[in-house]
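Have a look at final.cif below; it lists mmCIF, C-alpha atoms.
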```cif
data_protein
#
loop_
_atom_site.label_atom_id
_atom_site.label_comp_id
_atom_site.auth_asym_id
_atom_site.auth_seq_id
_atom_site.Cartn_x
_atom_site.Cartn_y
_atom_site.Cartn_z
CA MET A 255 1.01 59.27 -51.04
CA TRP A 256 4.10 60.20 -49.02
CA PHE A 257 2.22 62.35 -46.48
CA PRO A 258 -0.63 59.91 -45.61
CA LYS A 259 1.84 57.02 -45.25
CA HIS A 260 4.04 58.87 -42.74
CA LEU A 261 1.01 60.23 -40.90
CA LEU A 262 -0.25 56.65 -40.40
CA LEU A 263 3.16 55.51 -39.12
CA ALA A 264 3.25 58.41 -36.64
CA VAL A 265 -0.17 57.46 -35.26
CA LEU A 266 0.85 53.82 -34.85
CA ASN A 267 4.08 54.75 -33.06
CA LYS A 268 2.21 57.12 -30.75
CA GLY A 269 -0.22 54.33 -29.84
CA ARG A 270 2.61 51.91 -29.16
CA HIS A 271 4.36 54.36 -26.82
CA ALA A 272 1.05 54.99 -25.04
CA LEU A 273 0.74 51.28 -24.35
CA LEU A 274 4.24 51.21 -22.93
CA ARG A 275 3.28 54.10 -20.59
CA ARG A 276 -0.07 52.49 -19.63
CA PRO A 277 -1.96 54.18 -16.77
CA PRO A 278 -2.98 52.29 -13.59
CA GLY A 279 -5.78 49.79 -14.11
CA SER A 280 -4.91 49.06 -17.74
CA LEU A 281 -4.17 45.59 -19.07
CA PRO A 282 -0.88 44.01 -17.85
CA GLU A 283 1.85 43.37 -20.31
CA PRO A 284 2.19 39.84 -21.64
CA GLN A 285 4.45 37.57 -19.60
CA PRO A 286 6.31 34.41 -20.52
CA ARG A 287 4.28 31.28 -19.80
CA SER A 288 6.47 30.08 -16.93
CA ARG A 289 6.35 33.51 -15.27
CA ARG A 290 2.55 33.65 -15.50
CA TRP A 291 2.34 30.17 -13.84
CA ARG A 292 4.53 31.25 -10.92
CA SER A 293 2.48 34.40 -10.42
CA HIS A 294 -0.75 32.37 -10.39
CA ALA A 295 0.65 29.88 -7.86
CA ALA A 296 1.66 32.70 -5.52
CA SER A 297 -1.72 34.42 -5.78
CA ALA A 298 -3.51 31.09 -5.15
CA HIS A 299 -1.58 30.74 -1.91
CA LEU A 300 -2.73 34.19 -0.78
CA GLU A 301 -6.35 33.76 -1.86
CA GLY A 302 -7.39 30.32 -0.66
CA PRO A 303 -6.54 27.51 1.77
CA GLY A 304 -4.78 24.35 0.66
CA SER A 305 -2.45 26.10 -1.84
CA TRP A 306 1.20 26.60 -1.06
CA PRO A 307 4.02 28.86 -2.27
CA PRO A 308 6.70 27.26 -4.44
CA LEU A 309 8.09 24.29 -2.54
CA PRO A 310 11.82 24.12 -1.75
CA ASP A 311 14.16 21.86 -3.67
CA CYS A 312 17.41 22.66 -1.90
CA ARG A 313 18.77 23.85 1.44
CA GLY A 314 21.27 26.63 1.91
CA GLU A 315 24.21 26.49 4.27
CA GLY A 316 23.11 26.73 7.88
CA GLN A 317 19.42 26.23 7.06
CA THR A 318 17.35 23.56 8.79
CA LEU A 319 14.53 21.65 7.13
CA ASP A 320 12.06 23.47 9.38
CA SER A 321 13.22 26.87 8.11
CA LEU A 322 12.25 25.93 4.55
CA TYR A 323 8.54 25.66 5.37
CA THR A 324 5.90 27.82 7.00
CA ALA A 325 4.38 26.91 10.35
CA GLN A 326 1.21 25.68 8.62
CA GLN A 327 3.20 23.53 6.22
CA ARG A 328 5.26 22.02 9.04
CA ALA A 329 2.07 21.22 10.97
CA GLU A 330 0.54 19.38 8.00
CA ILE A 331 3.70 17.35 7.35
CA LEU A 332 4.12 16.35 11.00
CA GLN A 333 0.42 15.52 11.35
CA LEU A 334 0.71 12.88 8.62
CA LEU A 335 4.09 11.49 9.68
CA ASN A 336 3.07 11.22 13.34
CA THR A 337 -0.38 9.69 12.93
CA ALA A 338 -0.64 7.80 9.62
CA PRO A 339 -0.46 3.97 9.71
CA GLU A 340 2.12 2.19 7.62
CA SER A 341 -0.37 1.48 4.81
CA GLU A 342 -1.09 5.20 4.39
CA LEU A 343 2.56 6.21 4.64
CA ALA A 344 3.28 3.78 1.80
CA THR A 345 1.11 5.93 -0.52
CA VAL A 346 3.54 8.86 -0.13
CA LYS A 347 6.23 9.16 -2.78
CA LEU A 348 9.48 7.36 -1.80
CA LEU A 349 7.96 5.88 1.39
CA ARG A 350 6.72 2.60 -0.04
CA GLY A 351 8.26 -0.49 1.52
CA ARG A 352 10.96 -0.32 4.15
CA LYS A 353 10.92 3.44 4.77
CA SER A 354 7.27 3.54 5.90
CA ALA A 355 7.95 0.63 8.28
CA ASN A 356 10.99 2.47 9.64
CA ILE A 357 8.90 5.57 10.36
CA VAL A 358 6.34 3.55 12.33
CA GLU A 359 9.11 1.78 14.24
CA TYR A 360 10.87 5.07 14.99
CA ARG A 361 7.60 6.55 16.34
CA ARG A 362 7.07 3.51 18.53
CA ARG A 363 10.52 3.79 20.09
CA ASN A 364 10.99 7.56 20.27
CA GLY A 365 7.52 9.06 20.21
CA PRO A 366 6.18 11.54 17.62
CA PHE A 367 8.52 13.69 15.54
CA PRO A 368 8.93 17.09 17.26
CA ASP A 369 10.13 18.84 14.10
CA LEU A 370 11.05 18.17 10.48
CA GLU A 371 14.77 17.97 11.18
CA SER A 372 14.21 14.93 13.42
CA VAL A 373 12.73 12.96 10.48
CA VAL A 374 16.17 12.43 8.95
CA ASN A 375 17.06 10.29 11.98
CA VAL A 376 14.87 7.56 10.51
CA PRO A 377 17.00 4.91 8.75
CA ARG A 378 17.04 5.29 4.92
CA LEU A 379 15.37 8.69 5.11
CA LYS A 380 18.03 11.33 4.53
CA TYR A 381 17.79 14.98 3.51
CA LYS A 382 16.99 14.67 -0.21
CA THR A 383 14.48 11.89 0.36
CA ALA A 384 12.85 13.82 3.21
CA LEU A 385 12.50 16.90 1.01
CA VAL A 386 10.71 14.93 -1.70
CA VAL A 387 8.45 13.34 0.93
CA PHE A 388 7.59 16.71 2.52
CA ASN A 389 6.84 18.33 -0.83
CA PHE A 390 4.62 15.44 -1.86
CA ILE A 391 2.63 15.71 1.38
CA LEU A 392 2.11 19.41 0.65
CA SER A 393 1.19 18.87 -2.99
CA PRO A 394 -2.41 19.63 -4.00
CA LEU A 395 -4.97 17.33 -2.43
CA GLU A 396 -6.31 16.11 -5.75
CA GLN A 397 -2.81 14.96 -6.77
CA ARG A 398 -2.41 12.98 -3.55
CA GLU A 399 -5.84 11.40 -3.96
CA ARG A 400 -4.99 10.48 -7.55
CA ARG A 401 -1.84 8.71 -6.39
CA ARG A 402 -3.71 6.90 -3.60
CA ALA A 403 -6.27 5.73 -6.13
CA GLN A 404 -3.43 4.28 -8.20
CA VAL A 405 -1.98 2.45 -5.18
CA ARG A 406 -5.29 1.05 -3.95
CA VAL A 407 -6.89 -1.89 -5.69
CA GLN A 408 -10.63 -2.15 -6.22
CA PRO A 409 -12.35 -5.30 -4.86
CA ALA A 410 -13.39 -6.39 -8.35
CA ARG A 411 -9.73 -6.58 -9.29
CA PHE A 412 -8.36 -8.57 -6.38
CA VAL A 413 -11.24 -10.98 -5.71
CA LYS A 414 -12.26 -13.55 -8.31
CA PRO A 415 -14.77 -14.80 -9.30
CA ASP A 416 -16.89 -11.65 -9.09
CA VAL A 417 -19.18 -11.50 -6.06
CA ASP A 418 -21.43 -8.59 -5.19
CA ARG A 419 -19.57 -6.26 -2.85
CA GLY A 420 -22.54 -6.05 -0.48
CA VAL A 421 -22.44 -9.82 -0.02
CA LEU A 422 -18.71 -9.71 0.73
CA GLU A 423 -19.17 -6.94 3.29
CA GLU A 424 -21.80 -8.99 5.11
CA ALA A 425 -19.44 -11.93 5.59
CA ASN A 426 -19.06 -12.54 9.31
CA ARG A 427 -16.10 -14.87 8.98
CA ILE A 428 -13.60 -15.83 6.27
CA VAL A 429 -10.77 -18.32 6.06
CA SER A 430 -7.68 -17.27 4.12
CA VAL A 431 -5.71 -20.19 2.65
CA VAL A 432 -2.13 -20.04 1.32
CA CYS A 433 -0.13 -22.95 -0.08
CA GLY A 434 3.63 -23.21 -0.47
CA THR A 435 6.01 -25.84 -1.78
CA ASN A 436 5.44 -28.09 1.25
CA LYS A 437 2.92 -26.31 3.52
CA ILE A 438 -0.69 -25.21 3.59
CA ALA A 439 -1.55 -22.42 6.04
CA TRP A 440 -4.86 -20.80 6.91
CA ALA A 441 -6.16 -17.95 9.05
CA GLN A 442 -9.76 -17.65 10.19
CA MET A 443 -10.75 -14.01 10.84
CA ASP A 444 -14.09 -12.35 11.58
CA ARG A 445 -15.41 -8.97 10.47
CA SER A 446 -14.11 -7.24 13.62
CA LEU A 447 -10.57 -8.37 12.68
CA ARG A 448 -10.33 -11.00 15.39
CA VAL A 449 -8.23 -14.05 14.58
CA GLN A 450 -10.07 -17.21 15.63
CA ASP A 451 -7.85 -19.89 14.09
CA TRP A 452 -4.36 -19.67 12.60
CA GLN A 453 -2.45 -22.79 11.67
CA GLN A 454 -0.28 -24.47 9.09
CA GLU A 455 0.26 -28.11 8.14
CA GLU A 456 3.29 -29.61 6.46
CA CYS A 457 2.74 -31.94 3.51
CA SER A 458 6.01 -33.79 3.12
CA SER A 459 5.12 -35.45 -0.19
CA PHE A 460 4.70 -32.15 -2.04
CA MET A 461 7.33 -31.54 -4.73
CA ASN A 462 8.69 -35.00 -4.09
CA GLY A 463 9.06 -37.24 -7.13
CA THR A 464 6.43 -37.50 -9.85
CA TYR A 465 3.13 -35.63 -9.74
CA MET A 466 0.91 -38.56 -8.81
CA ALA A 467 -2.66 -37.74 -7.76
CA SER A 468 -2.30 -39.90 -4.66
CA ALA A 469 0.69 -37.85 -3.56
CA TYR A 470 -1.56 -34.80 -3.37
CA LEU A 471 -5.02 -36.04 -2.51
CA GLU A 472 -4.88 -38.83 0.06
CA ASP A 473 -3.34 -39.25 3.49
CA THR A 474 -0.63 -41.85 2.83
CA CYS A 475 1.70 -43.48 5.35
CA GLY A 476 0.60 -41.07 8.03
CA ARG A 477 1.68 -38.06 5.96
CA LEU A 478 -0.83 -35.25 5.55
CA GLN A 479 -2.07 -34.47 2.07
CA ILE A 480 -4.62 -31.98 0.76
CA SER A 481 -7.78 -33.90 1.65
CA ALA A 482 -6.60 -34.39 5.25
CA VAL A 483 -5.61 -30.71 5.56
CA VAL A 484 -8.92 -29.47 4.15
CA SER A 485 -10.82 -31.57 6.71
CA ARG A 486 -9.09 -29.52 9.45
CA ILE A 487 -9.86 -26.09 7.95
CA PRO A 488 -12.76 -24.51 9.89
CA GLU A 489 -16.03 -23.32 8.36
CA ALA A 490 -16.52 -19.78 7.06
CA ASP A 491 -18.78 -17.65 4.88
CA PHE A 492 -16.02 -17.49 2.26
CA PHE A 493 -12.72 -19.25 1.65
CA VAL A 494 -10.11 -16.96 0.11
CA VAL A 495 -7.32 -18.88 -1.66
CA GLU A 496 -4.15 -17.02 -2.58
CA LYS A 497 -3.48 -16.60 -6.30
CA PRO A 498 0.31 -16.69 -6.48
CA GLY A 499 2.23 -14.56 -8.96
CA ILE A 500 4.26 -16.82 -11.22
CA SER A 501 7.04 -15.61 -13.50
CA LEU A 502 6.72 -17.08 -16.97
CA GLN A 503 10.21 -15.90 -17.87
CA ASN A 504 12.08 -18.37 -15.67
CA THR A 505 11.61 -21.88 -17.05
CA ALA A 506 13.26 -23.34 -13.93
CA LEU A 507 10.11 -22.38 -12.02
CA PHE A 508 7.77 -24.46 -14.20
CA PRO A 509 7.71 -27.39 -11.70
CA VAL A 510 6.79 -24.97 -8.90
CA THR A 511 4.13 -23.41 -11.13
CA LEU A 512 2.63 -26.82 -11.85
CA HIS A 513 2.66 -27.70 -8.15
CA LEU A 514 0.95 -24.48 -7.01
CA ARG A 515 -1.70 -24.71 -9.73
CA THR A 516 -2.42 -28.33 -8.79
CA VAL A 517 -2.85 -27.52 -5.10
CA GLU A 518 -4.96 -24.44 -5.93
CA ALA A 519 -7.31 -26.48 -8.13
CA MET A 520 -7.72 -29.17 -5.47
CA LEU A 521 -8.41 -26.59 -2.76
CA PHE A 522 -11.14 -25.06 -4.92
CA ALA A 523 -12.69 -28.48 -5.55
CA LEU A 524 -12.55 -29.77 -1.96
CA LEU A 525 -13.59 -26.52 -0.26
CA GLY A 526 -16.29 -25.82 -2.85
CA ALA A 527 -17.84 -29.24 -2.18
CA ARG A 528 -19.02 -27.97 1.23
CA TRP A 529 -21.84 -26.03 -0.48
CA PRO A 530 -24.50 -27.16 -2.96
CA ALA A 531 -23.66 -26.68 -6.62
CA GLY A 532 -25.10 -23.74 -8.53
CA GLY A 533 -25.19 -21.32 -5.61
CA LEU A 534 -23.13 -18.25 -4.80
CA PRO A 535 -19.36 -18.81 -5.23
CA ARG A 536 -17.89 -19.37 -1.78
CA VAL A 537 -14.28 -20.12 -2.74
CA LEU A 538 -12.52 -17.03 -4.04
CA ASN A 539 -9.09 -16.12 -5.36
CA MET A 540 -7.16 -13.13 -4.09
CA THR A 541 -4.03 -12.02 -5.93
CA ARG A 542 -0.75 -12.12 -4.05
CA ALA A 543 0.38 -8.87 -5.70
CA ALA A 544 -2.72 -6.99 -4.49
CA VAL A 545 -2.04 -8.01 -0.88
CA GLY A 546 1.62 -7.02 -1.22
CA ARG A 547 0.66 -3.66 -2.70
CA HIS A 548 -1.81 -2.99 0.12
CA PHE A 549 0.88 -3.47 2.79
CA GLY A 550 3.75 -1.90 0.81
CA LEU A 551 5.59 -5.21 0.44
CA LEU A 552 6.23 -5.01 -3.32
CA VAL A 553 9.68 -4.19 -4.65
CA GLY A 554 9.14 -3.86 -8.37
CA ASP A 555 7.08 -6.93 -9.22
CA ALA A 556 8.54 -9.03 -6.38
CA ARG A 557 6.79 -9.53 -3.03
CA THR A 558 8.98 -9.24 0.07
CA SER A 559 8.42 -11.00 3.39
CA GLY A 560 5.65 -9.79 5.69
CA GLY A 561 7.28 -11.31 8.76
CA GLN A 562 8.20 -8.01 10.40
CA LEU A 563 4.72 -6.59 9.86
CA VAL A 564 3.10 -9.68 11.38
CA ARG A 565 5.45 -9.54 14.38
CA GLN A 566 4.40 -5.93 14.94
CA LEU A 567 0.73 -6.88 14.70
CA LEU A 568 1.29 -9.55 17.35
CA VAL A 569 3.08 -7.12 19.67
CA ASP A 570 0.40 -4.44 19.20
CA SER A 571 -2.36 -6.92 19.98
CA VAL A 572 -0.90 -7.27 23.48
CA ALA A 573 0.52 -3.78 24.05
CA ARG A 574 -2.10 -1.49 22.49
CA ARG A 575 -5.65 -0.78 23.57
CA ASP A 576 -6.93 -0.60 19.98
CA PRO A 577 -4.76 -2.99 17.95
CA ARG A 578 -5.17 -3.37 14.21
CA VAL A 579 -5.74 -7.13 14.64
CA THR A 580 -6.79 -9.02 17.78
CA PHE A 581 -5.26 -12.42 18.57
CA PRO A 582 -6.09 -14.93 21.30
CA PRO A 583 -3.40 -14.39 23.99
CA GLY A 584 -1.90 -17.88 23.73
CA LEU A 585 -1.70 -17.67 19.95
CA ALA A 586 0.01 -14.28 20.06
CA VAL A 587 2.77 -15.50 22.39
CA ARG A 588 3.27 -18.74 20.48
CA TYR A 589 3.72 -17.22 17.04
CA ARG A 590 5.62 -14.14 18.14
CA LYS A 591 8.35 -16.44 19.43
CA LEU A 592 8.21 -18.49 16.24
CA PHE A 593 8.79 -15.48 14.01
CA GLN A 594 11.59 -14.19 16.23
CA LEU A 595 13.60 -17.34 15.61
CA GLY A 596 14.32 -16.33 12.03
CA GLY A 597 15.49 -18.76 9.40
CA ARG A 598 14.62 -19.12 5.75
CA ASN A 599 10.92 -19.62 4.94
CA ARG A 600 10.02 -20.08 8.61
CA GLY A 601 6.37 -19.22 8.93
CA GLU A 602 6.09 -17.40 5.59
CA GLU A 603 2.87 -19.21 4.69
CA LEU A 604 1.44 -18.33 8.13
CA CYS A 605 2.33 -14.66 7.59
CA ASP A 606 0.82 -14.61 4.12
CA ALA A 607 -2.43 -16.27 5.24
CA LEU A 608 -2.91 -13.71 8.01
CA LEU A 609 -2.06 -10.70 5.82
CA GLN A 610 -4.39 -11.91 3.07
CA ALA A 611 -7.32 -12.13 5.52
CA LEU A 612 -6.56 -8.66 6.91
CA ALA A 613 -6.21 -7.15 3.42
CA PHE A 614 -9.54 -8.68 2.39
CA TYR A 615 -11.45 -6.78 5.10
CA GLU A 616 -9.41 -3.55 4.93
CA LEU A 617 -9.71 -3.21 1.16
CA LEU A 618 -13.46 -3.72 1.37
CA ARG A 619 -13.72 -0.98 4.01
CA ASN A 620 -11.48 1.49 2.19
CA HIS A 621 -13.24 1.38 -1.17
#
```

Now, as a test, write the supplied structure out as C-alpha cells.
Amino acid sequence: MWFPKHLLLAVLNKGRHALLRRPPGSLPEPQPRSRRWRSHAASAHLEGPGSWPPLPDCRGEGQTLDSLYTAQQRAEILQLLNTAPESELATVKLLRGRKSANIVEYRRRNGPFPDLESVVNVPRLKYKTALVVFNFILSPLEQRERRRAQVRVQPARFVKPDVDRGVLEEANRIVSVVCGTNKIAWAQMDRSLRVQDWQQEECSSFMNGTYMASAYLEDTCGRLQISAVVSRIPEADFFVVEKPGISLQNTALFPVTLHLRTVEAMLFALLGARWPAGGLPRVLNMTRAAVGRHFGLLVGDARTSGGQLVRQLLVDSVARRDPRVTFPPGLAVRYRKLFQLGGRNRGEELCDALLQALAFYELLRNH
C-alpha cells in the first residue's frame, strides 16, 4: 500500500505544479471578487461606449478637476451643466434645491462653464460636492434614469380624483387655485404655457374668530369671502386646487388645518357646481409636495418658497426668445416688482398658484 499511495501523491503534485506553470491560452487563476469587478469595469470601458474607468474620489496636490477626467468625460459633464434646466439639474445627486438654482443663475450671469474647475465658483458647490456631482453624471445611464424615475411623480399620484391621462392632455386651459390663511390666488394657463389670468384676493375674515359658515361663504360688510372670490375665477377645462401638506405632529397647527380643509371643501363645491352632476370630474386636487418635488423646492418634507423661481420666469418671459412661461407684458412688470419688494408671505399664494399650473402641464408632458 505504501508505493501506490506515494505514487498517487506524486501525480497530484505534478498536476498542481503544471497548473501553476500554465501555458498561454489556459484558464486564468482565480481572483478575489473585488479584483475581478475592477478588471471587468476596465474592460467594459475599452469595449463599449457609455462605460467609464474607475471614477476619482480625491485630488492630488497640484491637480485640477479637469485633470481627473478624460476629454470625453469632461464633455459629458459640461454638456449637462451648461444646458440642463433647473428641474433636470435637481435630479443630480447633491444638486436638489438651492445648488441647481445657483448653477442656472451663474450661467445666466457668466455664460457657460468653460471647464470643470470653474464649476466650484458656484456658491455652495465646492470641490467635494463637485466631485460627487461629476461622478453621478458619469454613472451608468440606467442608474441615472432610475434616480430620475424616483424624483418624478406619475400623474396618477399627484392628480386626484383619477382622470384619464388623455383627457388631461387635451385640456386647453386650466385654472390653478391655492388658498392660504387669508388669501385665495389663482392662475389661468393654457396648454402652450401662456398665462392668461393671475390674481389673488384677500379674505380678511379668514382665521378670525369662530368658524362660522357665514364668515367663509358670503360677502359680508364689503369683505370678500369664498363665494365672491369664486365668482371672479375664470372658466377652464379643469380647476386644480392645491392639496396642502399638513403636519399631524404639531397640534398648534390644528386650527390652520381646519381652516384649509374648510376652504378646500367649499372650493370643490362651488367650482364643481359649474358643471352638471354625474359627469367627468372637473375639480381636481394636486399635492403641494409633488409640485415642490418637481421644482426642487423640498428640503426634507418641508416646501421652501418658489419666489425666486417665479421672479426668474418673469424675467425670462421678457428677456428670452423661448421662455419657459409666457406672461402678458403688463402682468410681468407688475408682479416682478411685487416679488422684488420682499417681506414675509408677500405673494406666496400667487407663486404657488403659478407653479402648480406649470407643474401640471410639465408633468403630463414628461411622463

Using all atoms of region 360-376 of chain A that appear in the file, construct an axis-aligned enclosing box with 6 Å of padding on every side and provide its centre coordinates and edge lengths in Å, rounded to one decimal, as lines of an AutoDock Vina configuration file.
```
center_x = 11.6
center_y = 11.2
center_z = 14.6
size_x = 22.9
size_y = 27.3
size_z = 23.3
```

Test item: the PyMOL selection byres ((chain A and resi 487) around 10) resolved as number ranges by chain: A: 429-431, 439-442, 451-454, 482-486, 488-490, 493, 525

Atom-to-atom span, CA of Val387 (chain A) and CA of Phe549 (chain A), Å: 18.5 Å

Exercise: Arg542 (chain A) partners within 12 Å, all atoms listed in the file, chain neighbours under 6 positions left out, as an NGL selection string: :A and (411-413 or 430-433 or 494-500 or 548-549 or 551-552 or 555-560 or 603 or 606-607 or 609-611 or 613-614)

Residues selected by the PyMOL selection byres ((chain A and resi 579) around 8), written as a ChimeraX atom specification: /A:447-449,567-568,571,577-578,580-581,612

Expected selection from the PyMOL selection byres ((chain A and resi 367-376) around 9), given as an MDAnalysis selection string: chainID A and resid 318:320 328:329 331:332 335:336 353 356:357 359:361 364:366 377:381 383:384 388

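CA of Leu348 (chain A) to CA of Leu563 (chain A) spans 18.8 Å [interatomic distance, one decimal].
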
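In this structure, CA of Ala338 (chain A) sits 28.5 Å away from CA of Leu592 (chain A).
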
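Among A:Thr337, A:Arg350, A:Tyr470, A:Thr324, the residue with the shortest atom-to-atom distance to Val553 (chain A), counting all atoms listed in the file, is A:Arg350.
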
All residues 10 Å or closer to Ile480 (chain A), only C-alpha atoms, same chain fewer than 6 positions away omitted, as an MDAnalysis selection string: chainID A and resid 437:438 455 457 460 468:473 517 520:521 524

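The shortest atom-to-atom distance to Asn426 (chain A), with all atoms listed in the file taken into account, belongs to A:Tyr615 out of A:Val569, A:Asp576, A:Pro583, A:Tyr615.
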
A:Ser458, A:Gln333, A:Ser341, A:Asn539 ranked by distance to Asp416 (chain A), top pick (using only C-alpha atoms): A:Asn539

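Nearest-residue note for Cys605 (chain A): choosing from A:Gly526, A:Gly532, A:Gly561, A:Pro509, the minimum distance belongs to A:Gly561, counting only C-alpha atoms.
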
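For the residues A:Arg547, A:Arg362, A:Arg528, A:Lys382, ranking by smallest atom-to-atom distance to Ala344 (chain A) using only C-alpha atoms places A:Arg547 first.
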
Counting only C-alpha atoms, the residue of A:Ala544, A:Met443, A:Leu392, A:Leu349 that sits nearest Pro582 (chain A): A:Met443

Answer as an NGL selection string, residues within 12 Å of (-22.3, -10.3, -3.5) using all atoms listed in the file: :A and (409-410 or 413-425 or 491-492 or 533-536 or 538)
